[in-house]
Amino acid sequence: MIDNWPILSIVTFLPLAGVLFLLMIKGDEKALAQNSRFVAMWVSGFTFLVSLPLLIGFDSSVTGYQFEEKAVWLVGTGIGYHMGVDGISMPFVLLSTLLTPLSILASWRAITHRVREYMIAFLVLETMMVGMFVSLDMLMFYLFFEAVLIPMFLIIGIWGGARRVYAAFKFFLYTLLGSVLMLVCMLAMYIDAGTTDIPALTAHQFAESMQTWLFLGFLASFAVKVPMWPVHTWLPDAHVEAPTAGSMILAGVLLKMGGYGFLRFSLPMFPLASEFFAPLIFTLSIIAVIYTSLVALAQSDMKKMIAYSSVAHMGFVTIGIFTMTEQGIAGAMFQMISHGLVSAALFFSVGVVYDRLHTREISAYGGVAAVMPRYAVFFMFMMLASVGLPGTSGFVGEMLVLVGAWHASSWVAFFTATGLVLGATYMLWLYRRVMFGAIVNDQVKAMEPMQMREFSIFLPLTFLVLLFGVYPMALLDVMAVSIQFVLDGLSASGLSLLAAN
Amino acid sequence: MIFDLADILPALPEMILATMALVLVLVAAYGGEGAENAKRVTRIALGGIVLALILIWSGTAADETAFGGMFKADSFASYMKILVLLGTFGALYMSITPLAKDDINKPEFALLVVLALVGMMLMISANDLMSLYMAVELQSLPLYVVAAMRTNSLRSSEAGLKYFLLGALSSGMLLYGASLVYGFAGTTSFSGIAAAVSADQLPVAFIVGMVFMVSGIAFKISAAPFHMWTPDVYEGSPSPVTALFAIAPKVAAMALMMRLTYGAFGAIEVEWSQVLVALSIASMVVGALGAIMQRDIKRMMAYSSIAHMGYALAGLAAGSHQGALGVMIYMTGYIFMGAGSFAIILLMRRDGQSATRIADLQGLSRTHPMLALGLMIMMFSMAGIPPLAGFFGKWYVFLAAVNAGLVPLAVIGVVMSVVGAFYYLRIIKIMYFEETDEPLDTDMPTANKMVLGVSIGVILLFFLGLSPLLEASNVAATALMTQL
């Protein structure tokens with residue numbers, strides 16, 4: 001019975017029902033704020049529960065899409081309402097539905113003005129994120145993909161830091177410029193194939209010369225989203241100015257939209273161009289990994305440092321995807337999920353101390369471990385996961401990407417590994433400066449210990465990072481068949497790269 | 001020439017409105033001066049518009065011509081007339097409660113608007129050079145007057161005069177072009193012109209005539225480089241008049257442009273397509289860059305409308321069925337975005353004086369949350385952010401452009417839409433990211449509430465109604481293409 005339920009539509013649009021509810025509640029400012037928090041919490045928590053059947057009912061041995069839903073939208077134009085998930089998108093859906101309630105919980109005390117609007121923005125954002133991952137129609141995908149900008153623009157611009165206006169504009173315009181070039185390519189694809197259905201487009205053969213242009217158009221959009229060097233500059237600004245929960249979602253889910261796009265569109269639909277441009281992607285990614293790691297070393301702002309580390313980590317993802325090997329793509333997927341959990345936790349860690357001291361300057365801290373020991377443990381665990389300590393999910397992803405990179409070229413593998421070393425350097429250094437040493441700042445002494453609420457945000461993230469680190473097959477099994485499907489598509493188009501393997 | 005019933009029936013809505021305008025002259029003259037009479041005249045005018053809407057909505061879709069082929073009532077005309085009627089209704093409805101002390105409050109206003117409306121509807125149905133020119137003049141003359149209606153304002157008089165002078169110039173160009181076209185085709189009817197020209201033997205002077213005619217209409221839709229009057233007229237005219245300018249006449253002029261290019265010049269698409277591409281690019285660029293510098297929201301809306309016309313022309317330049325369809329979808333979204341935005345702009349007052357600087361919107365999200373939300377939706381829609389109406393308009397016009405091989409045009413268009421997004425975002429920034437101690441006035445008449453509510457609904461839920469809309473515009477585009 002439950003098989004017939006349109007679970008994906010429910011998961012996608014349930015948060016919007018919460019928005020309607022939020023719009024209706026009334027009361028004085030204080031009661032309104034508190035009620036809004038609870039409504040948003042319950043709605044997003046319930047959405048997470050509703051999304052769990054996707055995990056339970058998912059059959060990881062099936063090629064193709066599951067929980068499919070089709071409905072008529074634009075009659076006779078080849079554009080329709082089509083949703084479904086496979087091993088690539090399903091983990092992202094759960095990542096989104098998990099991180100949304102956590103980030104709402106994370107803003108419980110940090111957001112004090114315009115709470116209702118804030119919660120509305122987050123619930124709308126959840127709908128857009130989930131909708132993007134489950135769309136199997138290109139036009140629908142684009143609608144959700146770009147609509148994400150609206151709530152995120154407001155979250156950064158209204159509840160952000162001192163330079164929030166600049167950051168919000170930069171975020172919006174950068175991303176929009178990339179997206180509209182992709183839009184032109186989507187129009188060309190629609191004209192060529194006569195449909196916007198993603199499975200049909202995957203089966204469609206685009207002419208080789210056309211693939212080149214299409215690939216570049218999609219690259220313009222996804223490279224900004226990922227973000228790849230040199231179009232990553234919006235990210236540090238956006239992260240630094242965004243409120244903690246905004247950074248959690250931005251790093252946790254929104255960056256993955258680019259990687260997901262490469263796997264859903266670029267590789268399956270433009271295989272020839274993907275192979276042709278793989279060296280370019282490698283070059284840009286290696287520069288990103290090494291350059292942004294060095295930049296991260298030089299930061300004095302904690303959030304900015306973690307933001308740059310995100311760029312470096314996403315560099316691993318793009319390298320993994322374009323190795324076009326099983327290990328590489330699986331590693332990239334694994335790294336994306338892992339980074340989604342770890343970076344959300346790291347940004348939250350910064351938020352925890354920021355709520356107490358209202359500064360993100362590393363030099364203002366020191367000796368925090370003595371005041372907040374439990375917090376220090378969680379922070380250390382997440383920091384090590386980010387560095388790629390064996391036993392955490394970060395290790396598995398980076399390891400697999402390196403193996404894949406080795407297949408592609410030993411030089412790529414060499415430079416990628418260099419990034420790992422640099423990553424360990426800046427993260428450990430950050431930890432030493434914030435957590436250890438003498439307490440020089442009196443305010444640090446007065447910091448209150450970690451609350452239950454903060455504890456309950458760390459706990460699920462820690463559990464998952466550990467689970468995927470110890471038992472990676474939990475995630476790899478889910479993705480294997482879908483990744484194989486992408487690879488089969490690539491080898492069917494006769495790529496020399498794969499023939500060489 | 002004897003007119004029988006067969007001539008009257010296709011033009012019944014226009015007949016009714018024209019007759020009503022004559023009645024309104026009497027009501028306006030003998031109903032006394034002042035606000036009460038103005039309200040009465042406006043109410044009657046609104047009733048007439050509703051009647052015309054019902055007639056067109058329920059009318060047959062069959063192609064009919066009247067008055068010896070000069071007037072054409074087909075499903076394309078119905079589609080565009082419904083848009084024009086809806087837009088005029090919205091603008092007139094909002095003028096019923098004069099808000100600012102300095103607003104127009106005279107019975108002649110509604111009367112002149114109805115006359116202009118008849119002109120607009122005739123433009124949409126024009127099928128002959130004679131009826132084309134008559135319709136354009138009937139539309140323009142009342143609008144010159146209403147632009148200058150606020151007689152105690154120097155700005156308003158300036159706007160009226162500027163509009164009149166440049167409008168007269170454009171009429172001259174139109175007329176000169178028409179005379180050249182007539183001279184070579186030997187007939188004034190669109191079908192006769194279409195039959196007389198063929199692409200392989202084309203006199204240069206005929207092309208000159210065509211370019212002059214297209215330029216003349218480009219004035220009316222304010223496509224760059226014929227846009228110079230727009231910002232001044234938008235800014236100087238009383239706000240309810242600006243609302244009308246922004247919504248209805250553009251749709252009518254665009255329909256006329258479509259009739260002329262697809263119909264009379266259908267055989268020489270290669271020639272006019274280039275002209276439209278140039279107009280389109282110029283409008284997109286001028287609209288996007290010009291708006292950035294503006295401090296007055298009405299001026300900004302003027303540049304925004306120039307950019308919108310550029311996008312619509314990109315679809316038209318494709319010269320295909322798909323292009324016509326795209327323009328119609330675009331214009332549908334456009335009238336609701338315009339109506340919704342002006343519903344809010346009309347409310348921008350402080351102590352009863354209209355305050356239309358962009359800076360006056362500061363902190364609107366705190367003082368008037370619903371208005372700010374409404375204007376934000378309008379701005380995101382105009383910027384073409386999905387899933388709002390503006391996005392689908394862009395999707396269909398650029399689809400036609402790419403399909404016709406005009407990829408560079410589409411790329412310039414989308415890049416300019418990013419530039420445009422900057423100034424739309426600026427409005428949102430001022431409303432949401434900034435605070436104020438000087439709130440705007442709070443009273444909000446029903447008319448504005450209704451227009452805003454309907455516009456928000458249409459724009460948010462555009463994707464739900466897109467399928468029937470596509471069907472209707474598909475039929476209309478087919479009628480336009482096969483009008484011979």
# chains A, B, ... in the order shown; residues from 1 in each chain; ligands from 1
>>> interface_residues(of="chain B", to="chain A", cutoff="7 Å", atoms="only C-alpha atoms", output="PyMOL selection string")
chain B and resi 385-387+399+402-403+410-411+414-415+418+432-433+466-467
>>> residues_around(residues="Leu20 (chain A)", least_positions_apart="3", cutoff="12 Å", atoms="only C-alpha atoms", output="CSV table (one decimal) with N, CA and C atoms, in the first residue's frame")
chain,number,residue,atom,x,y,z
A,13,PHE,N,7.2,18.6,-1.0
A,13,PHE,CA,6.3,19.7,-0.8
A,13,PHE,C,5.8,19.8,0.7
A,14,LEU,N,6.1,18.9,1.5
A,14,LEU,CA,5.7,19.0,2.9
A,14,LEU,C,6.2,20.2,3.6
A,15,PRO,N,7.5,20.6,3.4
A,15,PRO,CA,7.9,21.9,4.0
A,15,PRO,C,7.1,23.1,3.6
A,16,LEU,N,6.5,23.1,2.4
A,16,LEU,CA,5.7,24.2,2.0
A,16,LEU,C,4.4,24.3,2.7
A,17,ALA,N,3.9,23.1,3.1
A,17,ALA,CA,2.7,23.1,4.0
A,17,ALA,C,3.1,23.8,5.3
A,23,LEU,N,2.7,31.0,8.1
A,23,LEU,CA,2.1,32.3,7.7
A,23,LEU,C,0.8,32.6,8.5
A,24,MET,N,0.2,31.5,9.0
A,24,MET,CA,-1.1,31.8,9.6
A,24,MET,C,-1.0,32.0,11.1
A,25,ILE,N,0.1,31.6,11.8
A,25,ILE,CA,0.2,31.8,13.2
A,25,ILE,C,0.3,33.3,13.6
A,36,SER,N,7.2,29.8,15.9
A,36,SER,CA,7.8,29.5,14.6
A,36,SER,C,8.9,28.5,14.7
A,39,VAL,N,7.3,25.1,15.1
A,39,VAL,CA,6.6,24.6,13.9
A,39,VAL,C,7.7,24.2,12.9
A,40,ALA,N,8.7,25.0,12.6
A,40,ALA,CA,9.7,24.6,11.7
A,40,ALA,C,10.4,23.4,12.0
A,43,VAL,N,8.0,20.4,11.5
A,43,VAL,CA,7.7,20.1,10.1
A,43,VAL,C,9.0,19.5,9.4
A,116,ARG,N,10.1,34.2,12.3
A,116,ARG,CA,9.2,33.5,11.4
A,116,ARG,C,9.7,33.5,10.0
A,117,GLU,N,10.1,34.7,9.5
A,117,GLU,CA,10.6,34.8,8.1
A,117,GLU,C,11.8,33.9,7.9
A,119,MET,N,12.4,31.0,9.4
A,119,MET,CA,12.0,29.7,9.3
A,119,MET,C,11.3,29.4,8.0
A,120,ILE,N,10.6,30.4,7.5
A,120,ILE,CA,9.9,30.2,6.2
A,120,ILE,C,11.0,30.0,5.1
A,121,ALA,N,12.0,30.8,5.2
A,121,ALA,CA,13.1,30.7,4.2
A,121,ALA,C,13.8,29.3,4.3
A,123,LEU,N,12.4,26.5,5.3
A,123,LEU,CA,11.5,25.4,4.8
A,123,LEU,C,11.4,25.5,3.3
A,124,VAL,N,11.3,26.7,2.7
A,124,VAL,CA,11.3,26.9,1.3
A,124,VAL,C,12.6,26.3,0.7
>>> atom_distance(atom1="CA of Glu241 (chain A)", atom2="CA of Gly419 (chain A)")
26.3 Å
>>> residues_around(residues="region 225-228 of chain B", least_positions_apart="4", cutoff="9 Å", atoms="only C-alpha atoms", output="PyMOL selection string")
chain B and resi 166+170+215-216+218-221+232+279+282-283+286+303+306
>>> closest_residue(among="A:Thr47, A:Gln66, A:Thr418, A:Ser300", to="Tyr365 (chain A)", atoms="only C-alpha atoms")
A:Ser300
>>> residues_around(residues="Ala159 (chain B)", least_positions_apart="2", cutoff="7 Å", atoms="only C-alpha atoms", output="JSON, numbers by chain")
{"B": [147, 148, 155, 156, 157, 161, 162, 163, 232, 233, 236, 237]}
>>> closest_residue(among="B:Ala253, B:Ile207, B:Ala246, B:Ala307", to="Gln139 (chain B)", atoms="only C-alpha atoms")
B:Ala253
>>> closest_residue(among="B:Phe206, B:Asn127, B:Ile96, B:Leu180", to="Thr446 (chain B)", atoms="only C-alpha atoms")
B:Ile96
>>> residues_around(residues="Gly328 (chain A)", least_positions_apart="5", cutoff="6 Å", atoms="only C-alpha atoms", output="list in words")
Gly320, Ile321, Thr323, Leu400, Val401 and Gly404 of chain A
>>> write_last_selection(atoms="N, CA and C atoms", output="mmCIF file, in the first residue's frame")
data_model
loop_
_atom_site.group_PDB
_atom_site.id
_atom_site.type_symbol
_atom_site.label_atom_id
_atom_site.label_comp_id
_atom_site.auth_asym_id
_atom_site.auth_seq_id
_atom_site.Cartn_x
_atom_site.Cartn_y
_atom_site.Cartn_z
ATOM 1 N N GLY A 320 37.614 13.106 -8.658
ATOM 2 C CA GLY A 320 37.062 11.751 -8.611
ATOM 3 C C GLY A 320 36.075 11.493 -9.726
ATOM 4 N N ILE A 321 35.182 12.451 -9.956
ATOM 5 C CA ILE A 321 34.150 12.250 -10.972
ATOM 6 C C ILE A 321 34.789 12.095 -12.347
ATOM 7 N N THR A 323 37.755 11.132 -13.212
ATOM 8 C CA THR A 323 38.618 9.992 -13.502
ATOM 9 C C THR A 323 37.836 8.957 -14.301
ATOM 10 N N LEU A 400 39.407 6.504 -1.962
ATOM 11 C CA LEU A 400 38.853 6.033 -3.228
ATOM 12 C C LEU A 400 39.171 7.001 -4.356
ATOM 13 N N VAL A 401 39.080 8.294 -4.063
ATOM 14 C CA VAL A 401 39.391 9.277 -5.103
ATOM 15 C C VAL A 401 40.847 9.123 -5.527
ATOM 16 N N GLY A 404 41.238 6.168 -7.761
ATOM 17 C CA GLY A 404 40.720 6.508 -9.084
ATOM 18 C C GLY A 404 41.672 7.422 -9.824
#
>>> closest_residue(among="B:Met213, B:Ala317, B:Leu460, B:Met94", to="Leu346 (chain B)", atoms="only C-alpha atoms")
B:Met94
>>> closest_residue(among="A:Val311, A:Met269, A:Leu201, A:Met452", to="Val289 (chain A)", atoms="only C-alpha atoms")
A:Val311
>>> residues_around(residues="Ile124 (chain B)", least_positions_apart="4", cutoff="9 Å", atoms="only C-alpha atoms", output="list in words")
Lys72, Ala73, Phe76, Ala77, Ser78, Met80, Lys81, Gly119, Met120, Leu132, Ala135, Val251, Ala252, Ala253, Met254, Ala255, Leu256 and Arg259 of chain B
>>> write_last_selection(atoms="N, CA and C atoms", output="short mmCIF file (atom, residue, chain, number, x, y, z; two decimals), in the first residue's frame")
data_model
loop_
_atom_site.label_atom_id
_atom_site.label_comp_id
_atom_site.auth_asym_id
_atom_site.auth_seq_id
_atom_site.Cartn_x
_atom_site.Cartn_y
_atom_site.Cartn_z
N LYS B 72 -9.77 42.62 -38.39
CA LYS B 72 -9.66 41.17 -38.32
C LYS B 72 -9.88 40.73 -36.87
N ALA B 73 -10.82 39.80 -36.71
CA ALA B 73 -11.06 39.24 -35.37
C ALA B 73 -10.75 37.76 -35.43
N PHE B 76 -5.95 35.12 -32.30
CA PHE B 76 -4.81 35.93 -31.87
C PHE B 76 -5.30 37.27 -31.32
N ALA B 77 -6.22 37.88 -32.06
CA ALA B 77 -6.76 39.17 -31.60
C ALA B 77 -7.44 38.99 -30.25
N SER B 78 -8.20 37.90 -30.11
CA SER B 78 -8.89 37.69 -28.84
C SER B 78 -7.90 37.58 -27.70
N MET B 80 -4.79 38.69 -27.40
CA MET B 80 -4.13 39.94 -27.06
C MET B 80 -5.11 40.95 -26.48
N LYS B 81 -6.35 40.94 -27.00
CA LYS B 81 -7.34 41.90 -26.48
C LYS B 81 -7.67 41.59 -25.03
N GLY B 119 -8.65 52.29 -29.28
CA GLY B 119 -7.54 52.37 -30.20
C GLY B 119 -6.63 51.16 -30.11
N MET B 120 -6.34 50.75 -28.88
CA MET B 120 -5.46 49.59 -28.70
C MET B 120 -6.08 48.34 -29.30
N LEU B 132 -4.50 50.45 -39.54
CA LEU B 132 -3.33 50.47 -38.66
C LEU B 132 -3.04 51.89 -38.19
N ALA B 135 -5.81 53.37 -35.96
CA ALA B 135 -5.82 52.78 -34.62
C ALA B 135 -4.68 53.34 -33.77
N VAL B 251 1.39 46.03 -24.91
CA VAL B 251 0.85 44.77 -25.42
C VAL B 251 0.21 45.00 -26.79
N ALA B 252 -0.55 46.10 -26.89
CA ALA B 252 -1.22 46.38 -28.16
C ALA B 252 -0.21 46.63 -29.26
N ALA B 253 0.83 47.43 -28.95
CA ALA B 253 1.83 47.75 -29.97
C ALA B 253 2.60 46.49 -30.37
N MET B 254 2.86 45.63 -29.39
CA MET B 254 3.55 44.38 -29.71
C MET B 254 2.69 43.52 -30.63
N ALA B 255 1.38 43.49 -30.37
CA ALA B 255 0.48 42.73 -31.23
C ALA B 255 0.50 43.29 -32.64
N LEU B 256 0.52 44.61 -32.73
CA LEU B 256 0.55 45.24 -34.05
C LEU B 256 1.85 44.87 -34.78
N ARG B 259 1.40 41.42 -36.09
CA ARG B 259 0.52 41.39 -37.27
C ARG B 259 1.27 41.84 -38.52
#
>>> decode(residues="region 128-231 of chain A", atoms="C-alpha atoms", output="PDB file, in the first residue's frame")
ATOM      1  CA  MET A 128      13.923  23.452  -3.405  1.00  0.00           C
ATOM      2  CA  MET A 129      16.890  21.274  -2.425  1.00  0.00           C
ATOM      3  CA  VAL A 130      14.919  18.050  -2.254  1.00  0.00           C
ATOM      4  CA  GLY A 131      13.008  18.886  -5.405  1.00  0.00           C
ATOM      5  CA  MET A 132      16.239  19.434  -7.278  1.00  0.00           C
ATOM      6  CA  PHE A 133      17.646  16.037  -6.315  1.00  0.00           C
ATOM      7  CA  VAL A 134      14.483  14.101  -7.153  1.00  0.00           C
ATOM      8  CA  SER A 135      13.564  15.847 -10.414  1.00  0.00           C
ATOM      9  CA  LEU A 136      13.796  13.637 -13.459  1.00  0.00           C
ATOM     10  CA  ASP A 137      12.732  16.375 -15.804  1.00  0.00           C
ATOM     11  CA  MET A 138      15.344  18.871 -16.875  1.00  0.00           C
ATOM     12  CA  LEU A 139      13.049  21.902 -16.716  1.00  0.00           C
ATOM     13  CA  MET A 140      11.858  20.901 -13.247  1.00  0.00           C
ATOM     14  CA  PHE A 141      15.463  20.401 -12.209  1.00  0.00           C
ATOM     15  CA  TYR A 142      16.275  23.899 -13.383  1.00  0.00           C
ATOM     16  CA  LEU A 143      13.289  25.404 -11.593  1.00  0.00           C
ATOM     17  CA  PHE A 144      14.423  23.965  -8.281  1.00  0.00           C
ATOM     18  CA  PHE A 145      18.116  24.492  -8.974  1.00  0.00           C
ATOM     19  CA  GLU A 146      17.719  28.208  -9.464  1.00  0.00           C
ATOM     20  CA  ALA A 147      14.884  28.790  -7.027  1.00  0.00           C
ATOM     21  CA  VAL A 148      17.323  27.782  -4.274  1.00  0.00           C
ATOM     22  CA  LEU A 149      18.905  31.201  -4.783  1.00  0.00           C
ATOM     23  CA  ILE A 150      15.846  33.061  -3.490  1.00  0.00           C
ATOM     24  CA  PRO A 151      15.776  31.741   0.114  1.00  0.00           C
ATOM     25  CA  MET A 152      19.565  31.619   0.344  1.00  0.00           C
ATOM     26  CA  PHE A 153      19.884  35.219  -0.844  1.00  0.00           C
ATOM     27  CA  LEU A 154      17.495  36.303   1.897  1.00  0.00           C
ATOM     28  CA  ILE A 155      19.116  34.159   4.572  1.00  0.00           C
ATOM     29  CA  ILE A 156      22.526  35.681   3.898  1.00  0.00           C
ATOM     30  CA  GLY A 157      21.219  39.181   3.315  1.00  0.00           C
ATOM     31  CA  ILE A 158      18.852  39.530   6.274  1.00  0.00           C
ATOM     32  CA  TRP A 159      20.449  37.429   8.990  1.00  0.00           C
ATOM     33  CA  GLY A 160      24.072  37.647   7.900  1.00  0.00           C
ATOM     34  CA  GLY A 161      27.115  39.469   9.256  1.00  0.00           C
ATOM     35  CA  ALA A 162      28.494  42.921   8.644  1.00  0.00           C
ATOM     36  CA  ARG A 163      29.183  42.600   4.915  1.00  0.00           C
ATOM     37  CA  ARG A 164      26.076  40.559   4.251  1.00  0.00           C
ATOM     38  CA  VAL A 165      24.738  42.681   1.406  1.00  0.00           C
ATOM     39  CA  TYR A 166      27.905  42.318  -0.613  1.00  0.00           C
ATOM     40  CA  ALA A 167      28.065  38.589   0.073  1.00  0.00           C
ATOM     41  CA  ALA A 168      24.414  38.010  -0.797  1.00  0.00           C
ATOM     42  CA  PHE A 169      24.700  39.886  -4.089  1.00  0.00           C
ATOM     43  CA  LYS A 170      27.903  38.136  -5.024  1.00  0.00           C
ATOM     44  CA  PHE A 171      26.422  34.751  -4.258  1.00  0.00           C
ATOM     45  CA  PHE A 172      23.275  35.430  -6.221  1.00  0.00           C
ATOM     46  CA  LEU A 173      24.799  37.024  -9.300  1.00  0.00           C
ATOM     47  CA  TYR A 174      27.704  34.585  -9.622  1.00  0.00           C
ATOM     48  CA  THR A 175      25.417  31.606  -9.442  1.00  0.00           C
ATOM     49  CA  LEU A 176      22.819  33.157 -11.698  1.00  0.00           C
ATOM     50  CA  LEU A 177      25.353  33.960 -14.394  1.00  0.00           C
ATOM     51  CA  GLY A 178      26.472  30.334 -14.430  1.00  0.00           C
ATOM     52  CA  SER A 179      22.921  29.039 -14.451  1.00  0.00           C
ATOM     53  CA  VAL A 180      21.668  31.124 -17.343  1.00  0.00           C
ATOM     54  CA  LEU A 181      24.400  29.808 -19.611  1.00  0.00           C
ATOM     55  CA  MET A 182      23.274  26.323 -18.645  1.00  0.00           C
ATOM     56  CA  LEU A 183      19.736  27.410 -19.475  1.00  0.00           C
ATOM     57  CA  VAL A 184      20.678  28.230 -23.058  1.00  0.00           C
ATOM     58  CA  CYS A 185      22.239  24.771 -23.340  1.00  0.00           C
ATOM     59  CA  MET A 186      19.110  23.196 -21.920  1.00  0.00           C
ATOM     60  CA  LEU A 187      17.078  24.953 -24.606  1.00  0.00           C
ATOM     61  CA  ALA A 188      19.385  23.552 -27.277  1.00  0.00           C
ATOM     62  CA  MET A 189      19.088  20.062 -25.769  1.00  0.00           C
ATOM     63  CA  TYR A 190      15.311  20.313 -25.644  1.00  0.00           C
ATOM     64  CA  ILE A 191      15.219  21.359 -29.286  1.00  0.00           C
ATOM     65  CA  ASP A 192      17.560  18.548 -30.301  1.00  0.00           C
ATOM     66  CA  ALA A 193      15.904  15.769 -28.326  1.00  0.00           C
ATOM     67  CA  GLY A 194      12.332  17.051 -28.239  1.00  0.00           C
ATOM     68  CA  THR A 195      11.951  16.278 -24.568  1.00  0.00           C
ATOM     69  CA  THR A 196      13.253  17.377 -21.199  1.00  0.00           C
ATOM     70  CA  ASP A 197      12.837  13.981 -19.581  1.00  0.00           C
ATOM     71  CA  ILE A 198      16.184  13.118 -18.005  1.00  0.00           C
ATOM     72  CA  PRO A 199      16.163   9.353 -18.707  1.00  0.00           C
ATOM     73  CA  ALA A 200      15.223  10.071 -22.321  1.00  0.00           C
ATOM     74  CA  LEU A 201      17.973  12.668 -22.625  1.00  0.00           C
ATOM     75  CA  THR A 202      20.479  10.200 -21.183  1.00  0.00           C
ATOM     76  CA  ALA A 203      19.544   7.766 -23.917  1.00  0.00           C
ATOM     77  CA  HIS A 204      19.714  10.466 -26.587  1.00  0.00           C
ATOM     78  CA  GLN A 205      22.954  10.816 -28.556  1.00  0.00           C
ATOM     79  CA  PHE A 206      24.069  14.407 -28.938  1.00  0.00           C
ATOM     80  CA  ALA A 207      26.366  15.194 -31.819  1.00  0.00           C
ATOM     81  CA  GLU A 208      29.990  15.480 -30.812  1.00  0.00           C
ATOM     82  CA  SER A 209      30.408  19.151 -31.721  1.00  0.00           C
ATOM     83  CA  MET A 210      27.237  19.956 -29.853  1.00  0.00           C
ATOM     84  CA  GLN A 211      28.429  18.069 -26.773  1.00  0.00           C
ATOM     85  CA  THR A 212      31.403  20.388 -26.481  1.00  0.00           C
ATOM     86  CA  TRP A 213      29.213  23.484 -26.205  1.00  0.00           C
ATOM     87  CA  LEU A 214      26.685  21.814 -23.969  1.00  0.00           C
ATOM     88  CA  PHE A 215      29.419  20.604 -21.664  1.00  0.00           C
ATOM     89  CA  LEU A 216      30.891  24.090 -21.389  1.00  0.00           C
ATOM     90  CA  GLY A 217      27.483  25.623 -20.652  1.00  0.00           C
ATOM     91  CA  PHE A 218      26.774  23.132 -17.904  1.00  0.00           C
ATOM     92  CA  LEU A 219      30.316  23.523 -16.614  1.00  0.00           C
ATOM     93  CA  ALA A 220      29.704  27.273 -16.222  1.00  0.00           C
ATOM     94  CA  SER A 221      26.867  26.523 -13.866  1.00  0.00           C
ATOM     95  CA  PHE A 222      28.226  23.543 -11.962  1.00  0.00           C
ATOM     96  CA  ALA A 223      31.719  24.965 -11.596  1.00  0.00           C
ATOM     97  CA  VAL A 224      30.285  27.989  -9.803  1.00  0.00           C
ATOM     98  CA  LYS A 225      28.170  25.767  -7.590  1.00  0.00           C
ATOM     99  CA  VAL A 226      30.904  23.284  -6.641  1.00  0.00           C
ATOM    100  CA  PRO A 227      32.821  25.760  -6.587  1.00  0.00           C
ATOM    101  CA  MET A 228      35.888  25.223  -8.753  1.00  0.00           C
ATOM    102  CA  TRP A 229      38.858  27.515  -8.975  1.00  0.00           C
ATOM    103  CA  PRO A 230      38.787  30.330 -10.257  1.00  0.00           C
ATOM    104  CA  VAL A 231      35.042  30.909  -9.760  1.00  0.00           C
TER     105      VAL A 231
END
